[in-house]
file structure34.txt (compact mmCIF, C-alpha atoms and all ligand atoms)
# COMPACT_ATOMS: atom_id res chain seq x y z
CA MET A 150 109.21 108.91 112.71
CA LEU A 151 109.27 105.70 110.67
CA LYS A 152 109.54 106.43 106.95
CA VAL A 153 108.69 103.86 104.28
CA TRP A 154 109.62 104.38 100.63
CA GLY A 155 107.57 102.53 98.04
CA ARG A 156 104.47 102.57 95.87
CA LYS A 157 101.31 100.92 97.18
CA THR A 158 101.14 98.55 94.20
CA SER A 159 104.47 96.84 94.96
CA ILE A 160 103.95 93.44 96.58
CA ASN A 161 107.06 93.88 98.71
CA VAL A 162 105.93 97.30 99.90
CA GLN A 163 102.50 95.80 100.66
CA LYS A 164 104.13 93.26 102.95
CA VAL A 165 105.86 96.02 104.92
CA MET A 166 102.82 98.30 105.03
CA TRP A 167 100.59 95.45 106.21
CA THR A 168 103.04 94.95 109.09
CA VAL A 169 103.16 98.67 109.86
CA ALA A 170 99.35 98.78 109.95
CA GLU A 171 98.97 95.66 112.12
CA LEU A 172 101.37 97.24 114.59
CA GLY A 173 99.64 100.62 114.41
CA LEU A 174 102.95 102.42 113.87
CA VAL A 175 103.02 106.15 113.23
CA HIS A 176 104.72 106.47 109.86
CA GLN A 177 105.10 108.34 106.63
CA ARG A 178 104.97 106.46 103.31
CA ILE A 179 106.73 108.13 100.40
CA ASP A 180 105.63 107.07 96.89
CA ALA A 181 108.64 105.76 94.97
CA GLY A 182 109.22 103.33 92.12
CA GLY A 183 106.95 102.47 89.19
CA GLN A 184 105.07 105.50 87.86
CA PHE A 185 106.51 107.66 90.67
CA GLY A 186 110.17 106.99 89.77
CA GLY A 187 112.70 108.51 92.15
CA LEU A 188 114.85 105.38 92.44
CA ASP A 189 117.67 106.75 90.28
CA THR A 190 118.52 109.76 92.43
CA ASP A 191 121.75 109.98 94.45
CA GLU A 192 119.66 110.37 97.58
CA PHE A 193 117.74 107.13 96.97
CA GLY A 194 120.92 105.27 95.96
CA LYS A 195 122.33 106.05 99.40
CA LEU A 196 119.22 104.57 101.03
CA ASN A 197 119.20 101.44 98.87
CA PRO A 198 122.03 100.84 96.40
CA ASN A 199 119.82 98.19 94.71
CA ARG A 200 117.46 101.05 93.74
CA LEU A 201 114.40 99.00 94.72
CA VAL A 202 111.50 99.51 97.12
CA PRO A 203 110.72 99.06 99.97
CA VAL A 204 113.26 100.85 102.15
CA ILE A 205 112.64 102.12 105.65
CA ASP A 206 114.31 104.72 107.84
CA ASP A 207 113.38 104.23 111.47
CA ASN A 208 114.82 107.25 113.28
CA GLY A 209 118.10 107.02 111.37
CA PHE A 210 118.20 103.22 111.02
CA VAL A 211 117.97 102.40 107.30
CA LEU A 212 116.93 98.92 106.13
CA TRP A 213 116.01 97.34 102.78
CA GLU A 214 114.74 93.85 101.80
CA SER A 215 111.09 93.45 102.70
CA ASN A 216 111.47 90.27 104.77
CA ALA A 217 114.29 91.82 106.82
CA ILE A 218 112.07 94.87 107.38
CA VAL A 219 109.09 92.77 108.51
CA ARG A 220 111.34 90.84 110.92
CA TYR A 221 112.86 94.05 112.28
CA LEU A 222 109.46 95.68 112.85
CA ALA A 223 108.05 92.50 114.42
CA ALA A 224 111.07 92.15 116.71
CA VAL A 225 111.15 95.78 117.83
CA TYR A 226 107.45 96.67 117.90
CA GLY A 227 105.56 93.39 117.59
CA ARG A 228 106.52 91.23 120.53
CA GLU A 229 102.90 91.07 121.66
CA LYS A 230 100.92 91.88 118.55
CA LEU A 231 102.89 89.64 116.20
CA GLY A 232 103.97 87.17 118.86
CA SER A 233 107.67 87.54 118.12
CA ALA A 234 108.90 87.43 121.75
CA ASP A 235 109.43 83.66 121.77
CA GLU A 236 112.56 82.63 119.87
CA ARG A 237 111.15 79.37 118.58
CA GLN A 238 107.94 81.02 117.39
CA ARG A 239 110.12 83.61 115.67
CA ALA A 240 112.22 80.89 114.02
CA LEU A 241 109.05 79.16 112.80
CA ALA A 242 107.75 82.45 111.43
CA ASP A 243 111.10 82.87 109.62
CA GLN A 244 110.75 79.37 108.21
CA TRP A 245 107.39 80.18 106.60
CA MET A 246 108.58 83.57 105.34
CA GLU A 247 111.56 81.93 103.66
CA TRP A 248 109.32 79.20 102.31
CA ALA A 249 106.98 81.77 100.77
CA ASN A 250 109.89 83.58 99.14
CA SER A 251 111.73 80.54 97.86
CA THR A 252 108.76 78.30 97.01
CA LEU A 253 105.81 80.50 96.00
CA TYR A 254 107.05 83.98 95.05
CA SER A 255 108.63 83.26 91.70
CA ASP A 256 105.70 81.21 90.38
CA ILE A 257 102.98 83.58 91.63
CA ILE A 258 104.66 86.91 90.95
CA ALA A 259 107.36 86.44 88.31
CA THR A 260 105.47 83.91 86.17
CA CYS A 261 101.71 84.29 86.78
CA PHE A 262 101.38 87.97 87.75
CA LEU A 263 103.95 89.40 85.35
CA GLY A 264 102.80 86.98 82.62
CA LEU A 265 99.13 87.91 82.89
CA ILE A 266 99.26 91.58 83.88
CA ARG A 267 102.55 92.95 82.57
CA THR A 268 102.74 90.97 79.30
CA PRO A 269 100.52 91.48 76.23
CA ALA A 270 98.42 88.37 75.50
CA LYS A 271 100.18 87.85 72.16
CA ASP A 272 103.58 87.48 73.89
CA ARG A 273 102.30 85.41 76.82
CA ASN A 274 103.82 82.02 77.67
CA VAL A 275 100.54 80.32 78.59
CA ALA A 276 102.16 76.93 79.16
CA ALA A 277 104.65 78.41 81.68
CA ILE A 278 101.80 80.16 83.53
CA GLU A 279 99.72 76.97 83.71
CA LYS A 280 102.73 74.99 84.92
CA ALA A 281 103.57 77.58 87.59
CA ALA A 282 99.95 77.75 88.80
CA LYS A 283 99.85 73.96 89.08
CA ARG A 284 103.10 73.94 91.05
CA VAL A 285 101.80 76.62 93.43
CA GLY A 286 98.63 74.60 94.04
CA GLU A 287 100.72 71.54 94.89
CA ARG A 288 102.99 73.49 97.22
CA LEU A 289 100.08 75.19 98.94
CA ALA A 290 98.91 71.73 100.02
CA ILE A 291 101.80 71.92 102.52
CA LEU A 292 100.40 75.14 103.94
CA ASP A 293 96.90 73.65 103.89
CA ALA A 294 98.08 70.80 106.15
CA GLN A 295 99.76 73.28 108.52
CA LEU A 296 96.54 75.31 108.76
CA ALA A 297 94.39 72.32 109.76
CA GLY A 298 92.86 73.24 113.12
CA ARG A 299 94.62 76.63 113.20
CA SER A 300 93.26 80.09 112.45
CA TYR A 301 96.68 81.40 111.46
CA ILE A 302 99.86 79.63 110.36
CA LEU A 303 101.37 79.27 113.82
CA GLY A 304 98.17 79.16 115.86
CA ASP A 305 95.55 81.62 117.07
CA GLN A 306 97.53 84.75 116.40
CA LEU A 307 98.69 86.49 113.22
CA THR A 308 102.50 86.37 112.96
CA ALA A 309 105.15 87.29 110.41
CA ALA A 310 104.58 83.81 108.91
CA ASP A 311 101.10 84.93 107.79
CA ILE A 312 102.49 88.20 106.49
CA GLY A 313 105.18 86.46 104.42
CA CYS A 314 102.76 83.93 102.89
CA GLY A 315 99.56 85.98 103.00
CA SER A 316 100.95 88.97 101.12
CA LEU A 317 101.07 86.73 98.01
CA MET A 318 97.53 85.40 98.42
CA TYR A 319 95.51 88.37 97.15
CA ARG A 320 97.18 88.05 93.76
CA TYR A 321 97.04 84.26 93.84
CA PHE A 322 93.30 84.27 94.50
CA THR A 323 92.40 87.08 92.11
CA LEU A 324 94.47 86.18 89.05
CA ASP A 325 92.78 84.18 86.31
CA ILE A 326 94.62 80.90 87.01
CA PRO A 327 93.44 77.41 87.93
CA ARG A 328 93.48 76.68 91.67
CA PRO A 329 92.87 73.39 93.47
CA ARG A 330 90.38 73.33 96.35
CA LEU A 331 92.36 73.83 99.58
CA GLU A 332 89.80 74.39 102.30
CA ASN A 333 92.17 75.46 105.06
CA VAL A 334 94.12 77.87 102.87
CA GLU A 335 90.85 79.33 101.56
CA ALA A 336 89.45 79.80 105.09
CA TRP A 337 92.72 81.41 106.22
CA TYR A 338 92.75 83.73 103.18
CA GLN A 339 89.13 84.66 103.95
CA ARG A 340 90.23 85.49 107.52
CA LEU A 341 93.04 87.69 106.19
CA THR A 342 90.63 89.56 103.91
CA GLU A 343 88.54 90.45 106.97
CA ARG A 344 91.49 92.29 108.56
CA ARG A 345 91.47 96.02 107.98
CA ALA A 346 95.26 96.18 107.56
CA TYR A 347 95.12 93.52 104.82
CA GLN A 348 92.26 95.29 103.06
CA ASP A 349 94.06 98.63 103.15
CA HIS A 350 97.54 97.50 102.15
CA VAL A 351 97.40 94.19 100.29
CA MET A 352 94.02 94.14 98.55
CA ILE A 353 95.16 96.86 96.18
CA ASP A 354 93.61 96.82 92.73
CA TYR A 355 96.33 96.08 90.18
CA GLN A 356 94.34 96.68 86.98
CA ALA A 357 96.19 99.98 86.47
CA LEU A 358 99.42 97.97 86.17
CA LYS A 359 98.05 96.11 83.14
CA VAL A 360 100.02 96.77 79.96
CA PRO A 361 98.07 97.35 76.71
CA GLY A 362 96.91 94.05 75.26
CA ALA A 363 97.26 92.14 78.53
N1 LIG A 401 113.87 91.25 97.47
C1 LIG A 401 113.43 92.63 97.47
C2 LIG A 401 112.76 92.90 96.13
C3 LIG A 401 112.43 94.36 95.97
C4 LIG A 401 111.81 94.61 94.60
O1 LIG A 401 111.96 93.84 93.64
N2 LIG A 401 111.05 95.73 94.51
C5 LIG A 401 110.39 96.07 93.28
C6 LIG A 401 108.89 96.31 93.54
S1 LIG A 401 108.09 94.83 94.12
C7 LIG A 401 110.94 97.40 92.76
O2 LIG A 401 111.46 98.23 93.49
N3 LIG A 401 110.82 97.60 91.44
C8 LIG A 401 111.16 98.83 90.83
C9 LIG A 401 110.02 99.80 90.81
O3 LIG A 401 109.01 99.59 91.48
O4 LIG A 401 110.16 100.83 90.10
C10 LIG A 401 112.47 92.85 98.67
O5 LIG A 401 111.82 91.88 99.07
O6 LIG A 401 112.41 93.97 99.18
call {"tool": "encode", "arguments": {"input": "structure34.txt", "output": "structure tokens", "more": "lines below"}}
Ligand SMILES: N[C@@H](CCC(=O)N[C@@H](CS)C(=O)NCC(=O)O)C(=O)O
result
Amino acid sequence: MLKVWGRKTSINVQKVMWTVAELGLVHQRIDAGGQFGGLDTDEFGKLNPNRLVPVIDDNGFVLWESNAIVRYLAAVYGREKLGSADERQRALADQWMEWANSTLYSDIIATCFLGLIRTPAKDRNVAAIEKAAKRVGERLAILDAQLAGRSYILGDQLTAADIGCGSLMYRYFTLDIPRPRLENVEAWYQRLTERRAYQDHVMIDYQALKVPGA
């Protein structure tokens, strides 16, 4: 059976679990990291020497790095459901996943999320958060243009492109940061929030992660 290690509140675990749920895969998720610890054991170090979540074990095949895991699951189990059978579609999905990681992730997660939720207000770099939020808004205009006339990033069907970008959107849209109006991105995000798998695995309340004074 597919095993997934990682706490539900980790954005990278959420990306994997959203994929698992969209594909309807029988699996076992093992809480690890954060309040659950368990990353410093010898056993975990053999699974992922980086001592980070997520990690999967699919009948003896061990894999870490959330994007690699999403691609693996989409390729092996998602040829129809995530439309990964066509090589060019798959390359385009990769393009958007890489774009999300290299263009949005650091500003949304490292600067805005960690700055607002994991940093006491007195230590917060408000200017850096405002600058990052502004940059994200500008970059999302690229996604907004791509979504014109499309329900999902590559067309009518949810693909790994939506999972890579969309896993960041719950935090982007729920953090207290300024956002420009981007009608296509907003309509797409609304569509994602109507999916059961997104509700169950990405729309996870993060208030418990707040540090005192945040
Ligand atoms: N690039 C890695 C990043 C993994 C990562 O940073 N995981 C974080 C959670 S999002 C982690 O394990 N932190 C330690 C912890 O949760 O205790 C991936 O995408 O899988």
call {"tool": "atom_distance", "arguments": {"input": "structure34.txt", "atom1": "atom CA of A:Tyr301", "atom2": "atom CA of A:Trp248"}}
result
15.8 Å
call {"tool": "closest_atom_pairs", "arguments": {"input": "structure34.txt", "of": "chain A", "to": "ligand LIG 401 (chain A)", "cutoff": "12 Å", "atoms": "only C-alpha atoms and all ligand atoms", "output": "CSV"}}
result
residue,atom,partner,partner_atom,distance
A:Val153,CA,A:LIG401,O6,11.7
A:Trp154,CA,A:LIG401,O2,9.6
A:Gly155,CA,A:LIG401,O3,7.3
A:Arg156,CA,A:LIG401,O3,7.0
A:Lys157,CA,A:LIG401,C6,9.6
A:Thr158,CA,A:LIG401,S1,7.9
A:Ser159,CA,A:LIG401,S1,4.2
A:Ile160,CA,A:LIG401,S1,5.0
A:Asn161,CA,A:LIG401,S1,4.8
A:Val162,CA,A:LIG401,S1,6.6
A:Gln163,CA,A:LIG401,S1,8.7
A:Lys164,CA,A:LIG401,O5,8.7
A:Val165,CA,A:LIG401,O6,8.9
A:Asp180,CA,A:LIG401,O3,9.8
A:Ala181,CA,A:LIG401,O4,7.1
A:Gly182,CA,A:LIG401,O4,3.3
A:Gly183,CA,A:LIG401,O4,3.7
A:Gln184,CA,A:LIG401,O4,7.3
A:Phe185,CA,A:LIG401,O4,7.8
A:Gly186,CA,A:LIG401,O4,6.2
A:Gly187,CA,A:LIG401,O4,8.3
A:Leu188,CA,A:LIG401,O4,6.9
A:Asp189,CA,A:LIG401,O4,9.6
A:Phe193,CA,A:LIG401,O2,11.4
A:Asn197,CA,A:LIG401,O2,10.0
A:Pro198,CA,A:LIG401,O2,11.3
A:Asn199,CA,A:LIG401,C3,8.4
A:Arg200,CA,A:LIG401,O2,6.6
A:Leu201,CA,A:LIG401,O2,3.3
A:Val202,CA,A:LIG401,O2,3.8
A:Pro203,CA,A:LIG401,O6,5.4
A:Val204,CA,A:LIG401,O6,7.5
A:Ile205,CA,A:LIG401,O6,10.4
A:Leu212,CA,A:LIG401,O6,9.7
A:Trp213,CA,A:LIG401,O6,6.1
A:Glu214,CA,A:LIG401,O6,3.5
A:Ser215,CA,A:LIG401,O6,3.8
A:Asn216,CA,A:LIG401,O5,5.9
A:Ala217,CA,A:LIG401,O5,8.1
A:Ile218,CA,A:LIG401,O6,8.3
A:Val219,CA,A:LIG401,O5,9.9
A:Arg220,CA,A:LIG401,O5,11.9
A:Met246,CA,A:LIG401,O5,10.9
A:Glu247,CA,A:LIG401,O5,11.0
A:Ala249,CA,A:LIG401,O5,11.3
A:Asn250,CA,A:LIG401,O5,8.5
A:Ser251,CA,A:LIG401,N1,10.9
A:Tyr254,CA,A:LIG401,O5,10.1
A:Ser255,CA,A:LIG401,N1,11.2
A:Ile258,CA,A:LIG401,S1,9.2
A:Ala259,CA,A:LIG401,O1,10.2
A:Phe262,CA,A:LIG401,S1,11.5
A:Leu263,CA,A:LIG401,S1,11.1
A:Gly313,CA,A:LIG401,O5,10.1
A:Ser316,CA,A:LIG401,O5,11.4
A:Leu317,CA,A:LIG401,S1,11.4
A:Leu358,CA,A:LIG401,O3,11.1
call {"tool": "closest_residue", "arguments": {"input": "structure34.txt", "among": "A:Met352, A:Arg345, A:Glu287, A:Glu335", "to": "A:Gly173", "atoms": "all atoms listed in the file"}}
result
A:Arg345
call {"tool": "residues_around", "arguments": {"input": "structure34.txt", "residues": "A:Ala224", "least_positions_apart": "5", "cutoff": "12 Å", "atoms": "all atoms listed in the file", "output": "number ranges by chain"}}
result
A: 168, 172, 217-219, 229-236, 238-240, 242-243, 308-309
call {"tool": "residues_around", "arguments": {"input": "structure34.txt", "residues": "stretch 271-277 of chain A", "least_positions_apart": "4", "cutoff": "12 Å", "atoms": "all atoms listed in the file", "output": "list of chain:residue names"}}
result
A:Ser255, A:Asp256, A:Ile257, A:Ala259, A:Thr260, A:Cys261, A:Phe262, A:Leu263, A:Gly264, A:Leu265, A:Ile266, A:Arg267, A:Ala281, A:Ala282, A:Lys283, A:Arg284, A:Asp325, A:Ile326, A:Val360, A:Pro361, A:Gly362, A:Ala363
